[in-house]
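target28.txt (compact mmCIF, C-alpha atoms) appears below.
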```
# COMPACT_ATOMS: atom_id res chain seq x y z
CA MET A 15 143.98 94.07 179.19
CA ARG A 16 147.50 92.78 179.72
CA ARG A 17 146.09 89.86 181.63
CA ALA A 18 143.54 89.22 178.91
CA LEU A 19 146.24 89.21 176.26
CA ALA A 20 148.38 86.87 178.33
CA GLY A 21 145.36 84.58 178.59
CA ALA A 22 144.89 84.71 174.85
CA ALA A 23 148.53 83.82 174.32
CA VAL A 24 148.20 80.79 176.57
CA VAL A 25 145.14 79.57 174.68
CA LEU A 26 146.95 80.03 171.38
CA ALA A 27 149.92 78.06 172.69
CA VAL A 28 147.68 75.25 173.85
CA THR A 29 145.76 75.00 170.61
CA GLY A 30 148.95 75.28 168.58
CA CYS A 31 147.49 78.10 166.51
CA THR A 32 150.14 80.20 164.82
CA SER A 33 148.28 83.51 164.70
CA GLU A 34 149.46 85.59 167.61
CA PRO A 35 148.16 88.92 168.87
CA ARG A 36 149.86 91.54 166.76
CA ARG A 37 152.19 93.62 168.90
CA THR A 38 154.84 96.13 168.07
CA SER A 39 157.82 97.43 169.99
CA SER A 40 155.69 100.42 171.05
CA GLY A 41 153.47 98.05 173.04
CA ALA A 42 150.46 98.97 170.94
CA GLY A 43 148.43 96.22 169.30
CA VAL A 44 145.37 95.49 167.24
CA GLU A 45 142.22 94.11 168.75
CA ALA A 46 141.98 90.37 168.26
CA PHE A 47 138.59 88.90 167.44
CA ARG A 48 138.22 85.13 167.49
CA PRO A 49 134.73 84.25 166.29
CA ASP A 50 135.65 80.56 166.50
CA ARG A 51 136.10 80.62 170.28
CA VAL A 52 132.49 80.12 171.23
CA LEU A 53 131.22 79.93 174.81
CA ALA A 54 127.56 79.59 173.85
CA GLU A 55 125.56 80.17 170.71
CA GLN A 56 122.10 80.44 169.35
CA THR A 57 120.59 80.69 165.89
CA LEU A 58 117.77 83.17 165.60
CA ARG A 59 115.21 82.81 162.84
CA GLY A 60 113.45 85.74 161.23
CA VAL A 61 109.88 86.18 162.33
CA LYS A 62 108.71 87.80 159.12
CA GLU A 63 111.31 86.16 156.86
CA PRO A 64 111.56 82.50 157.89
CA ALA A 65 114.49 81.90 155.48
CA ASP A 66 116.55 84.49 157.36
CA PHE A 67 118.87 83.23 160.07
CA VAL A 68 121.30 85.00 162.36
CA ASP A 69 123.90 83.07 164.35
CA VAL A 70 124.79 84.74 167.62
CA ALA A 71 127.76 83.38 169.58
CA VAL A 72 129.12 84.59 172.90
CA THR A 73 132.89 84.79 172.40
CA ALA A 74 133.79 86.51 175.68
CA LEU A 75 132.22 87.29 179.03
CA ARG A 76 135.08 88.79 180.93
CA VAL A 77 135.66 91.09 183.89
CA GLU A 78 138.14 93.85 183.01
CA GLY A 79 138.76 96.01 186.06
CA ARG A 80 135.56 97.87 186.94
CA VAL A 81 133.67 96.68 183.90
CA MET A 82 132.56 93.42 182.33
CA LEU A 83 132.74 92.77 178.61
CA LEU A 84 130.17 90.75 176.70
CA GLU A 85 131.53 90.06 173.22
CA LEU A 86 129.35 88.51 170.54
CA ALA A 87 130.09 87.15 167.08
CA ILE A 88 127.02 87.87 165.01
CA THR A 89 126.78 86.16 161.61
CA PRO A 90 123.78 86.90 159.43
CA ARG A 91 122.61 84.28 156.95
CA ARG A 92 119.64 86.06 155.47
CA ALA A 93 118.18 84.83 152.21
CA SER A 94 116.20 88.06 151.89
CA VAL A 95 119.37 90.18 151.70
CA PRO A 96 121.82 90.18 148.74
CA ASP A 97 125.22 88.84 149.80
CA ARG A 98 127.09 92.05 149.01
CA ASP A 99 124.74 94.29 150.97
CA ARG A 100 125.86 95.80 154.21
CA GLN A 101 123.93 94.74 157.30
CA SER A 102 124.34 96.81 160.43
CA LEU A 103 123.29 95.86 163.95
CA ILE A 104 120.24 98.07 163.61
CA ASP A 105 119.35 96.41 160.29
CA LEU A 106 119.44 93.03 162.01
CA TRP A 107 117.44 93.87 165.10
CA GLY A 108 115.38 96.83 164.01
CA TYR A 109 116.15 98.63 167.25
CA VAL A 110 119.07 99.54 169.49
CA TYR A 111 120.10 96.21 170.85
CA THR A 112 120.43 95.92 174.62
CA PRO A 113 121.35 92.44 175.83
CA GLU A 114 121.13 91.74 179.56
CA LEU A 115 122.98 89.52 181.97
CA ILE A 116 121.18 87.64 184.73
CA ASP A 117 122.65 86.05 187.84
CA ARG A 118 119.99 83.49 188.73
CA ALA A 119 121.69 82.62 192.02
CA THR A 120 121.42 86.13 193.46
CA LEU A 121 118.59 87.38 191.23
CA GLN A 122 120.78 90.23 189.99
CA ARG A 123 120.16 91.73 186.60
CA TYR A 124 122.92 93.63 184.81
CA GLU A 125 122.10 96.25 182.23
CA MET A 126 124.48 97.91 179.81
CA LEU A 127 126.60 100.80 181.04
CA LEU A 128 125.32 104.21 180.11
CA SER A 129 127.51 107.32 180.09
CA GLU A 130 126.54 110.70 181.55
CA ALA A 131 125.83 111.73 177.96
CA ASP A 132 123.33 108.84 177.68
CA GLU A 133 125.54 106.81 175.38
CA TYR A 134 125.81 103.08 175.81
CA TYR A 135 129.31 101.72 176.22
CA ALA A 136 128.67 99.31 173.37
CA SER A 137 129.06 98.78 169.64
CA ASP A 138 127.52 101.52 167.57
CA PRO A 139 124.29 100.13 166.08
CA VAL A 140 124.76 101.83 162.69
CA ASP A 141 128.54 101.85 162.39
CA THR A 142 128.88 98.13 163.15
CA TYR A 143 128.10 96.16 160.03
CA THR A 144 128.91 93.05 158.06
CA VAL A 145 127.72 91.04 155.07
CA ASN A 146 126.08 87.62 154.91
CA ARG A 147 128.16 84.80 156.42
CA ARG A 148 130.88 87.09 157.77
CA PRO A 149 131.05 87.17 161.59
CA MET A 150 130.80 90.67 163.04
CA ARG A 151 132.15 91.59 166.45
CA ALA A 152 129.75 93.34 168.79
CA TYR A 153 130.69 94.44 172.31
CA TYR A 154 128.63 95.48 175.29
CA TYR A 155 129.97 96.68 178.63
CA PHE A 156 128.37 96.19 182.02
CA ALA A 157 129.43 97.04 185.56
CA ALA A 158 131.69 94.33 186.97
CA PRO A 159 129.58 92.12 189.25
CA ARG A 160 130.20 92.51 192.98
CA ASP A 161 129.20 88.95 193.83
CA LYS A 162 131.86 87.41 191.58
CA PRO A 163 129.54 84.88 189.91
CA ASP A 164 131.11 81.99 187.99
CA VAL A 165 128.30 81.90 185.46
CA LEU A 166 125.66 84.28 184.14
CA ASP A 167 122.71 83.94 181.80
CA VAL A 168 122.89 86.04 178.66
CA VAL A 169 119.57 87.36 177.45
CA LEU A 170 120.06 88.37 173.83
CA SER A 171 116.49 89.44 173.39
CA SER A 172 113.23 89.00 175.26
CA ARG A 173 111.93 87.35 172.09
CA TYR A 174 114.32 84.42 172.29
CA PRO A 175 115.34 81.99 175.05
CA PRO A 176 118.39 83.10 177.08
CA LEU A 177 121.80 81.44 176.90
CA THR A 178 122.31 79.87 180.31
CA ASP A 179 125.34 79.39 182.58
CA VAL A 180 127.86 81.22 180.42
CA PRO A 181 131.21 81.16 182.29
CA VAL A 182 132.60 84.50 183.50
CA SER A 183 136.36 84.89 183.12
CA ARG A 184 138.59 87.36 184.97
CA MET B 28 178.71 141.12 142.23
CA ILE B 29 178.02 143.28 145.23
CA ALA B 30 174.29 142.69 144.80
CA LEU B 31 174.80 138.96 144.60
CA HIS B 32 176.90 139.03 147.71
CA ARG B 33 174.19 140.92 149.57
CA PHE B 34 171.61 138.40 148.41
CA ALA B 35 173.74 135.57 149.69
CA VAL B 36 174.02 137.23 153.08
CA THR B 37 170.27 137.76 153.21
CA LEU B 38 169.65 134.15 152.31
CA ALA B 39 172.06 132.97 154.97
CA ALA B 40 170.29 135.15 157.53
CA ALA B 41 166.92 133.75 156.50
CA LEU B 42 168.21 130.22 156.84
CA ALA B 43 169.62 130.97 160.25
CA LEU B 44 166.28 132.40 161.37
CA THR B 45 164.47 129.35 160.09
CA ALA B 46 166.81 127.09 161.93
CA CYS B 47 166.12 128.68 165.29
CA ALA B 48 162.38 129.42 165.06
CA SER B 49 160.04 128.27 162.34
CA GLY B 50 160.17 125.12 160.27
CA VAL B 51 158.33 122.72 158.05
CA GLU B 52 156.30 119.88 159.44
CA THR B 53 157.92 116.52 158.88
CA PHE B 54 155.91 113.41 158.16
CA GLN B 55 157.67 110.11 158.50
CA THR B 56 155.66 107.17 157.30
CA ASP B 57 158.32 104.58 158.01
CA GLU B 58 158.23 105.13 161.77
CA PHE B 59 154.96 104.09 163.29
CA LEU B 60 153.60 102.86 166.61
CA VAL B 61 151.31 100.20 165.16
CA GLU B 62 149.64 99.43 161.86
CA GLN B 63 147.00 97.22 160.32
CA THR B 64 145.44 96.58 156.93
CA LEU B 65 141.68 96.99 156.76
CA ARG B 66 140.00 95.01 154.02
CA GLY B 67 136.65 96.41 152.93
CA ILE B 68 133.84 94.39 154.50
CA ASP B 69 131.43 94.90 151.63
CA ARG B 70 134.16 95.80 149.09
CA PRO B 71 136.74 93.06 149.66
CA GLY B 72 138.88 94.22 146.72
CA ASP B 73 139.56 97.54 148.41
CA SER B 74 141.97 97.73 151.33
CA VAL B 75 143.40 100.55 153.37
CA GLU B 76 146.66 100.36 155.28
CA VAL B 77 146.56 102.45 158.42
CA ALA B 78 149.54 103.23 160.64
CA ILE B 79 149.55 105.40 163.74
CA THR B 80 152.59 107.64 163.37
CA ALA B 81 151.96 109.82 166.44
CA LEU B 82 149.77 110.08 169.55
CA ARG B 83 151.25 112.98 171.45
CA VAL B 84 150.22 115.60 174.01
CA GLU B 85 150.97 119.13 172.80
CA GLY B 86 150.00 121.53 175.55
CA GLN B 87 146.25 121.37 176.08
CA VAL B 88 145.61 119.10 173.13
CA LEU B 89 146.44 115.57 172.03
CA ARG B 90 147.43 114.97 168.42
CA LEU B 91 146.69 111.74 166.61
CA GLU B 92 148.47 111.32 163.31
CA LEU B 93 147.78 108.53 160.84
CA ALA B 94 149.52 107.40 157.67
CA ILE B 95 146.80 106.15 155.35
CA THR B 96 147.52 104.13 152.19
CA PRO B 97 144.50 103.17 150.09
CA LEU B 98 144.99 100.07 147.93
CA PHE B 99 141.95 99.84 145.71
CA ALA B 100 141.39 97.18 143.07
CA THR B 101 141.07 99.25 139.93
CA THR B 102 142.07 99.29 136.31
CA SER B 103 142.57 103.04 136.32
CA GLU B 104 146.16 104.08 136.87
CA ASP B 105 145.54 107.65 137.93
CA LEU B 106 142.87 107.12 140.53
CA GLU B 107 142.88 109.76 143.23
CA LEU B 108 141.34 108.92 146.56
CA ARG B 109 140.17 111.33 149.23
CA LEU B 110 139.62 110.61 152.89
CA GLU B 111 135.89 110.84 152.24
CA ASP B 112 136.16 107.99 149.71
CA LEU B 113 137.58 105.58 152.27
CA GLU B 114 136.17 103.11 154.69
CA PRO B 115 135.87 102.88 157.61
CA ARG B 116 133.66 105.88 158.17
CA TYR B 117 135.54 108.17 155.78
CA PHE B 118 138.27 108.44 158.42
CA ASP B 119 136.10 111.05 160.06
CA GLN B 120 136.49 111.67 163.80
CA PRO B 121 138.12 108.55 165.22
CA VAL B 122 137.41 108.05 168.92
CA LEU B 123 140.02 107.52 171.64
CA VAL B 124 139.06 105.28 174.53
CA ASP B 125 140.69 105.14 177.96
CA ARG B 126 139.53 101.73 179.13
CA VAL B 127 141.00 102.14 182.61
CA ASN B 128 139.20 105.36 183.51
CA LEU B 129 136.25 104.68 181.18
CA GLN B 130 136.78 107.95 179.32
CA ARG B 131 136.02 108.60 175.68
CA TYR B 132 137.69 111.38 173.72
CA GLU B 133 136.17 112.88 170.59
CA VAL B 134 137.76 115.25 168.10
CA VAL B 135 137.75 118.83 169.39
CA GLY B 136 135.16 121.13 167.81
CA GLY B 137 132.24 119.96 165.80
CA ASP B 138 129.65 121.95 167.74
CA GLY B 139 128.96 124.54 165.09
CA SER B 140 132.59 124.81 164.11
CA ASP B 141 134.59 122.51 161.90
CA PRO B 142 136.19 119.63 163.75
CA TYR B 143 139.91 120.08 164.34
CA GLN B 144 141.06 117.41 161.88
CA SER B 145 142.35 116.89 158.36
CA PRO B 146 139.88 118.09 155.73
CA ARG B 147 137.87 115.34 154.08
CA GLU B 148 139.29 116.41 150.70
CA THR B 149 142.80 115.31 151.72
CA LYS B 150 143.86 113.03 148.89
CA THR B 151 146.50 110.75 147.51
CA ASP B 152 147.00 108.44 144.55
CA ASN B 153 145.86 104.86 144.79
CA GLY B 154 148.77 103.15 146.55
CA GLY B 155 150.15 106.46 147.82
CA THR B 156 150.33 107.47 151.47
CA MET B 157 148.60 110.49 152.95
CA ARG B 158 148.72 111.93 156.40
CA ALA B 159 145.66 112.63 158.48
CA TYR B 160 145.65 114.43 161.81
CA TYR B 161 143.08 114.79 164.56
CA TYR B 162 143.12 116.83 167.78
CA TYR B 163 141.56 115.90 171.10
CA ALA B 164 141.55 117.39 174.58
CA ALA B 165 144.74 116.29 176.33
CA PRO B 166 144.12 113.48 178.83
CA GLN B 167 145.09 113.94 182.44
CA GLU B 168 148.53 112.97 183.69
CA GLY B 169 148.83 109.27 184.31
CA VAL B 170 146.98 108.22 181.18
CA ASP B 171 149.75 106.29 179.45
CA VAL B 172 147.83 104.36 176.78
CA LEU B 173 144.65 104.83 174.77
CA ASP B 174 142.71 102.72 172.30
CA VAL B 175 142.15 104.27 168.88
CA VAL B 176 138.80 103.31 167.34
CA LEU B 177 138.28 104.19 163.68
CA SER B 178 134.97 102.37 163.50
CA ASP B 179 133.21 99.66 165.48
CA ALA B 180 133.09 97.59 162.28
CA TYR B 181 136.90 97.16 162.25
CA PRO B 182 139.43 96.14 164.91
CA ALA B 183 140.56 98.91 167.23
CA PHE B 184 144.18 99.81 167.89
CA THR B 185 144.83 98.93 171.53
CA ASP B 186 147.19 100.26 174.19
CA VAL B 187 148.71 102.95 171.98
CA PRO B 188 151.29 104.82 174.11
CA VAL B 189 150.63 108.51 174.70
CA GLY B 190 153.75 110.59 174.11
CA ARG B 191 154.26 113.67 176.30
```
Would you mind writing the structure in this file as structure tokens?
Amino acid sequence: MRRALAGAAVVLAVTGCTSEPRRTSSGAGVEAFRPDRVLAEQTLRGVKEPADFVDVAVTALRVEGRVMLLELAITPRRASVPDRDRQSLIDLWGYVYTPELIDRATLQRYEMLLSEADEYYASDPVDTYTVNRRPMRAYYYFAAPRDKPDVLDVVLSSRYPPLTDVPVSR
Amino acid sequence: MIALHRFAVTLAAALALTACASGVETFQTDEFLVEQTLRGIDRPGDSVEVAITALRVEGQVLRLELAITPLFATTSEDLELRLEDLEPRYFDQPVLVDRVNLQRYEVVGGDGSDPYQSPRETKTDNGGTMRAYYYYAAPQEGVDVLDVVLSDAYPAFTDVPVGR
């Protein structure tokens, strides 16, 4: 995490952005979410509601110790939903969302981490929500890859084409 | 006069006892480890300031203490707000995450008994500050920091130092 924060600070310095990770003298901070730092993105169109769109951007694919974080910025633009209405992950997908990572070089497939209590180490599908046009952060944890790939494919859903060659940071 | 004198002695004795054994919980809102303001996602006029005032091991348990200040857009001057009125998630059962050891800590209890946390009726005035506490199983030695997650819809507090 320290390394990740240091990385974020460097990026901020380079881009000249003034918003810095919020830190206090205790060392504690607040999670920073940068929906504008996009590695790859895709716009999904509603099957039943063709005027409904959802932008999905990969904002991080990063190895953190024994695990790997996939962070998405999900922005609904759904004409069928009033702008003030809450939209949770489960409202958007209709099911518990389980993206996958594929290493096409070694034919490895990475699935989300599951705890002994059968809980995914991922954003809660009901408790994670947003409104139209407001990016929502969603996170999914996987085992850190042993082969140290430079890129992975991100399969958001079997219904849509995967995002290819997304760079893995460490 | 004699009676008054005796009363004074008794009072002094009581004070002395208090000083060495029991006491009254102190709650300092001006000293915190980290804080953030959460603006309502679907109610942008309503915000809640949240500060972590303590994350401390006390024997077998770990105590999380928050200072919570609701700032609701309202025309009513005497609005009272309870924990259960607030987002995110009614401030019910925040989760602590140890991202190094991949451990998750939930509020103690809950299986048939009431969770060991502030009652949901805990209240304050709009703009006032209330305290909320939550107890967890104490993490093993060597766990120096934890993330505090109120809800996945809002940013987590990261690397909050565990006092021992």
Contact check, chain A to chain B, at most 10 Å, counting all atoms listed in the file, closest pairs as a tab-separated table:
```
residue	atom	partner	partner_atom	distance
A:Met15	CA	B:Asp186	CA	8.6
A:Arg16	CA	B:Asp186	CA	9.3
A:Arg36	CA	B:Val61	CA	8.9
A:Arg37	CA	B:Val61	CA	7.6
A:Thr38	CA	B:Val61	CA	6.1
A:Ser39	CA	B:Leu60	CA	7.7
A:Ser40	CA	B:Leu60	CA	5.5
A:Gly41	CA	B:Asp186	CA	6.8
A:Ala42	CA	B:Val187	CA	4.5
A:Gly43	CA	B:Thr185	CA	5.0
A:Val44	CA	B:Phe184	CA	4.5
A:Glu45	CA	B:Pro182	CA	5.2
A:Ala46	CA	B:Pro182	CA	7.1
A:Phe47	CA	B:Pro182	CA	7.7
A:Glu78	CA	B:Val127	CA	8.8
A:Gly79	CA	B:Val127	CA	7.4
A:Arg80	CA	B:Val127	CA	8.2
A:Val81	CA	B:Leu129	CA	8.8
A:Asp97	CA	B:Asp69	CA	8.9
A:Arg98	CA	B:Asp69	CA	5.8
A:Asp99	CA	B:Asp69	CA	6.8
A:Arg100	CA	B:Asp69	CA	6.2
A:Gln101	CA	B:Asp69	CA	9.4
A:Ser102	CA	B:Ala180	CA	9.0
A:Ser129	CA	B:Leu129	CA	9.2
A:Tyr135	CA	B:Leu129	CA	9.0
A:Ala136	CA	B:Asp179	CA	9.1
A:Ser137	CA	B:Asp179	CA	5.9
A:Asp138	CA	B:Asp179	CA	6.3
A:Pro139	CA	B:Asp179	CA	9.0
A:Val140	CA	B:Asp179	CA	9.2
A:Asp141	CA	B:Asp179	CA	6.0
A:Thr142	CA	B:Ala180	CA	4.3
A:Tyr143	CA	B:Ala180	CA	5.7
A:Thr144	CA	B:Ile68	CA	6.2
A:Val145	CA	B:Asp69	CA	6.4
A:Asn146	CA	B:Asp69	CA	9.6
A:Arg148	CA	B:Ile68	CA	8.5
A:Met150	CA	B:Ala180	CA	7.3
A:Arg151	CA	B:Ala180	CA	7.4
A:Ala152	CA	B:Asp179	CA	7.9
A:Tyr153	CA	B:Asp179	CA	9.0
```
| Skipping near chain neighbours, those fewer than 3 positions away, what residues fall within 6 Å of Ala94 (chain B) using only C-alpha atoms, listed as an MDAnalysis selection string? | chainID B and resid 77:78 157:158
| So which residues touch Gly190 (chain B) within 7 Å, counting all atoms listed in the file, skipping near sequence neighbours fewer than 3 positions away, as a VMD selection string? | chain B and resid 82 to 84
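Across the model, the gap from CA of Asp69 (chain A) to CA of Phe156 (chain A) is 22.5 Å.
Closest approach to Trp107 (chain A) among A:Leu58, A:Val165, A:Leu127, A:Leu84 is made by A:Leu58 (distances from only C-alpha atoms).
Between CA of Glu85 (chain A) and CA of Asp50 (chain A) there is a distance of 12.3 Å.
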| Hey, can you check how far CA of Met82 (chain A) sits from CA of Ala158 (chain A)? | 4.8 Å
| remark: Ala74 (chain A) proximity check over A:Pro149, A:Pro49, A:Gly60, A:Pro163, using only C-alpha atoms: winner is A:Pro49
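For region 90-95 of chain A, the list of residues within 7 Å, based on all atoms listed in the file and with local chain neighbours fewer than 6 positions off taken out, reads Ala65, Asp66, Phe67, Val68, Asp69, Asn146 and Arg147 of chain A.
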| Can you list, as a VMD selection string, every protein, DNA or RNA residue that comes within 9 Å of Tyr160 (chain B) when you count only C-alpha atoms, leaving out same-chain residues fewer than 3 positions away? | chain B and resid 90 to 93 143 to 145
Close residues, region 149-155 of chain B itself excluded, 12 Å, all atoms listed in the file, min 6 positions apart in chain, as a JSON list (two decimals) with C-alpha atoms, in the frame of the given file:
```json
[["chain", "number", "residue", "atom", "x", "y", "z"],
["B", 56, "THR", "CA", 155.66, 107.17, 157.30],
["B", 73, "ASP", "CA", 139.56, 97.54, 148.41],
["B", 74, "SER", "CA", 141.97, 97.73, 151.33],
["B", 75, "VAL", "CA", 143.40, 100.55, 153.37],
["B", 76, "GLU", "CA", 146.66, 100.36, 155.28],
["B", 77, "VAL", "CA", 146.56, 102.45, 158.42],
["B", 94, "ALA", "CA", 149.52, 107.40, 157.67],
["B", 95, "ILE", "CA", 146.80, 106.15, 155.35],
["B", 96, "THR", "CA", 147.52, 104.13, 152.19],
["B", 97, "PRO", "CA", 144.50, 103.17, 150.09],
["B", 98, "LEU", "CA", 144.99, 100.07, 147.93],
["B", 99, "PHE", "CA", 141.95, 99.84, 145.71],
["B", 100, "ALA", "CA", 141.39, 97.18, 143.07],
["B", 101, "THR", "CA", 141.07, 99.25, 139.93],
["B", 102, "THR", "CA", 142.07, 99.29, 136.31],
["B", 103, "SER", "CA", 142.57, 103.04, 136.32],
["B", 104, "GLU", "CA", 146.16, 104.08, 136.87],
["B", 105, "ASP", "CA", 145.54, 107.65, 137.93],
["B", 106, "LEU", "CA", 142.87, 107.12, 140.53],
["B", 107, "GLU", "CA", 142.88, 109.76, 143.23],
["B", 108, "LEU", "CA", 141.34, 108.92, 146.56],
["B", 109, "ARG", "CA", 140.17, 111.33, 149.23],
["B", 110, "LEU", "CA", 139.62, 110.61, 152.89],
["B", 111, "GLU", "CA", 135.89, 110.84, 152.24],
["B", 112, "ASP", "CA", 136.16, 107.99, 149.71],
["B", 113, "LEU", "CA", 137.58, 105.58, 152.27],
["B", 117, "TYR", "CA", 135.54, 108.17, 155.78],
["B", 118, "PHE", "CA", 138.27, 108.44, 158.42],
["B", 119, "ASP", "CA", 136.10, 111.05, 160.06]]
```
Would it be fine to have region 38-100 of chain A, with C-alpha atoms, given as a PDB file, in the first residue's frame?
```pdb
ATOM      1  CA  THR A  38      -2.742  12.720   8.748  1.00  0.00           C
ATOM      2  CA  SER A  39       0.035  12.633  11.304  1.00  0.00           C
ATOM      3  CA  SER A  40      -1.318   9.267  12.493  1.00  0.00           C
ATOM      4  CA  GLY A  41      -0.369   7.774   9.122  1.00  0.00           C
ATOM      5  CA  ALA A  42      -3.986   6.903   8.394  1.00  0.00           C
ATOM      6  CA  GLY A  43      -5.551   8.053   5.143  1.00  0.00           C
ATOM      7  CA  VAL A  44      -8.650   7.916   3.025  1.00  0.00           C
ATOM      8  CA  GLU A  45      -8.908   5.705   0.000  1.00  0.00           C
ATOM      9  CA  ALA A  46      -8.267   7.647  -3.188  1.00  0.00           C
ATOM     10  CA  PHE A  47     -10.402   6.859  -6.212  1.00  0.00           C
ATOM     11  CA  ARG A  48      -9.413   8.384  -9.535  1.00  0.00           C
ATOM     12  CA  PRO A  49     -12.076   7.494 -12.092  1.00  0.00           C
ATOM     13  CA  ASP A  50     -10.253   9.650 -14.649  1.00  0.00           C
ATOM     14  CA  ARG A  51      -7.155   7.436 -14.688  1.00  0.00           C
ATOM     15  CA  VAL A  52      -8.367   4.903 -17.196  1.00  0.00           C
ATOM     16  CA  LEU A  53      -6.341   1.910 -18.380  1.00  0.00           C
ATOM     17  CA  ALA A  54      -9.080   0.516 -20.615  1.00  0.00           C
ATOM     18  CA  GLU A  55     -12.786   1.081 -20.967  1.00  0.00           C
ATOM     19  CA  GLN A  56     -15.900  -0.226 -22.543  1.00  0.00           C
ATOM     20  CA  THR A  57     -19.464   0.997 -22.866  1.00  0.00           C
ATOM     21  CA  LEU A  58     -22.082  -1.661 -22.360  1.00  0.00           C
ATOM     22  CA  ARG A  59     -25.530  -1.225 -23.831  1.00  0.00           C
ATOM     23  CA  GLY A  60     -28.665  -2.618 -22.244  1.00  0.00           C
ATOM     24  CA  VAL A  61     -30.034  -5.666 -23.966  1.00  0.00           C
ATOM     25  CA  LYS A  62     -33.642  -5.047 -22.985  1.00  0.00           C
ATOM     26  CA  GLU A  63     -33.333  -1.254 -22.694  1.00  0.00           C
ATOM     27  CA  PRO A  64     -31.291  -0.050 -25.672  1.00  0.00           C
ATOM     28  CA  ALA A  65     -31.232   3.547 -24.319  1.00  0.00           C
ATOM     29  CA  ASP A  66     -29.411   2.333 -21.205  1.00  0.00           C
ATOM     30  CA  PHE A  67     -25.635   2.551 -21.205  1.00  0.00           C
ATOM     31  CA  VAL A  68     -23.051   1.679 -18.589  1.00  0.00           C
ATOM     32  CA  ASP A  69     -19.445   2.854 -18.916  1.00  0.00           C
ATOM     33  CA  VAL A  70     -16.969   0.472 -17.337  1.00  0.00           C
ATOM     34  CA  ALA A  71     -13.357   1.607 -16.987  1.00  0.00           C
ATOM     35  CA  VAL A  72     -10.431  -0.301 -15.524  1.00  0.00           C
ATOM     36  CA  THR A  73      -8.692   2.180 -13.218  1.00  0.00           C
ATOM     37  CA  ALA A  74      -6.222  -0.226 -11.599  1.00  0.00           C
ATOM     38  CA  LEU A  75      -4.836  -3.709 -12.134  1.00  0.00           C
ATOM     39  CA  ARG A  76      -2.208  -3.944  -9.471  1.00  0.00           C
ATOM     40  CA  VAL A  77      -0.341  -6.608  -7.510  1.00  0.00           C
ATOM     41  CA  GLU A  78      -0.421  -5.856  -3.767  1.00  0.00           C
ATOM     42  CA  GLY A  79       1.579  -8.494  -1.918  1.00  0.00           C
ATOM     43  CA  ARG A  80      -0.175 -11.845  -2.243  1.00  0.00           C
ATOM     44  CA  VAL A  81      -3.199 -10.440  -4.003  1.00  0.00           C
ATOM     45  CA  MET A  82      -4.029  -8.539  -7.167  1.00  0.00           C
ATOM     46  CA  LEU A  83      -6.540  -5.710  -7.279  1.00  0.00           C
ATOM     47  CA  LEU A  84      -8.847  -5.052 -10.198  1.00  0.00           C
ATOM     48  CA  GLU A  85     -10.479  -1.658  -9.703  1.00  0.00           C
ATOM     49  CA  LEU A  86     -13.290  -0.485 -11.949  1.00  0.00           C
ATOM     50  CA  ALA A  87     -15.050   2.843 -12.348  1.00  0.00           C
ATOM     51  CA  ILE A  88     -18.619   2.019 -13.278  1.00  0.00           C
ATOM     52  CA  THR A  89     -20.802   4.889 -14.517  1.00  0.00           C
ATOM     53  CA  PRO A  90     -24.409   4.167 -15.380  1.00  0.00           C
ATOM     54  CA  ARG A  91     -26.158   6.315 -17.975  1.00  0.00           C
ATOM     55  CA  ARG A  92     -29.534   4.664 -18.015  1.00  0.00           C
ATOM     56  CA  ALA A  93     -32.464   6.489 -19.556  1.00  0.00           C
ATOM     57  CA  SER A  94     -34.850   3.986 -17.958  1.00  0.00           C
ATOM     58  CA  VAL A  95     -33.806   5.005 -14.424  1.00  0.00           C
ATOM     59  CA  PRO A  96     -34.622   8.380 -12.796  1.00  0.00           C
ATOM     60  CA  ASP A  97     -31.445  10.354 -12.109  1.00  0.00           C
ATOM     61  CA  ARG A  98     -31.944  10.465  -8.343  1.00  0.00           C
ATOM     62  CA  ASP A  99     -32.517   6.739  -7.975  1.00  0.00           C
ATOM     63  CA  ARG A 100     -29.887   4.589  -6.397  1.00  0.00           C
TER      64      ARG A 100
END
```
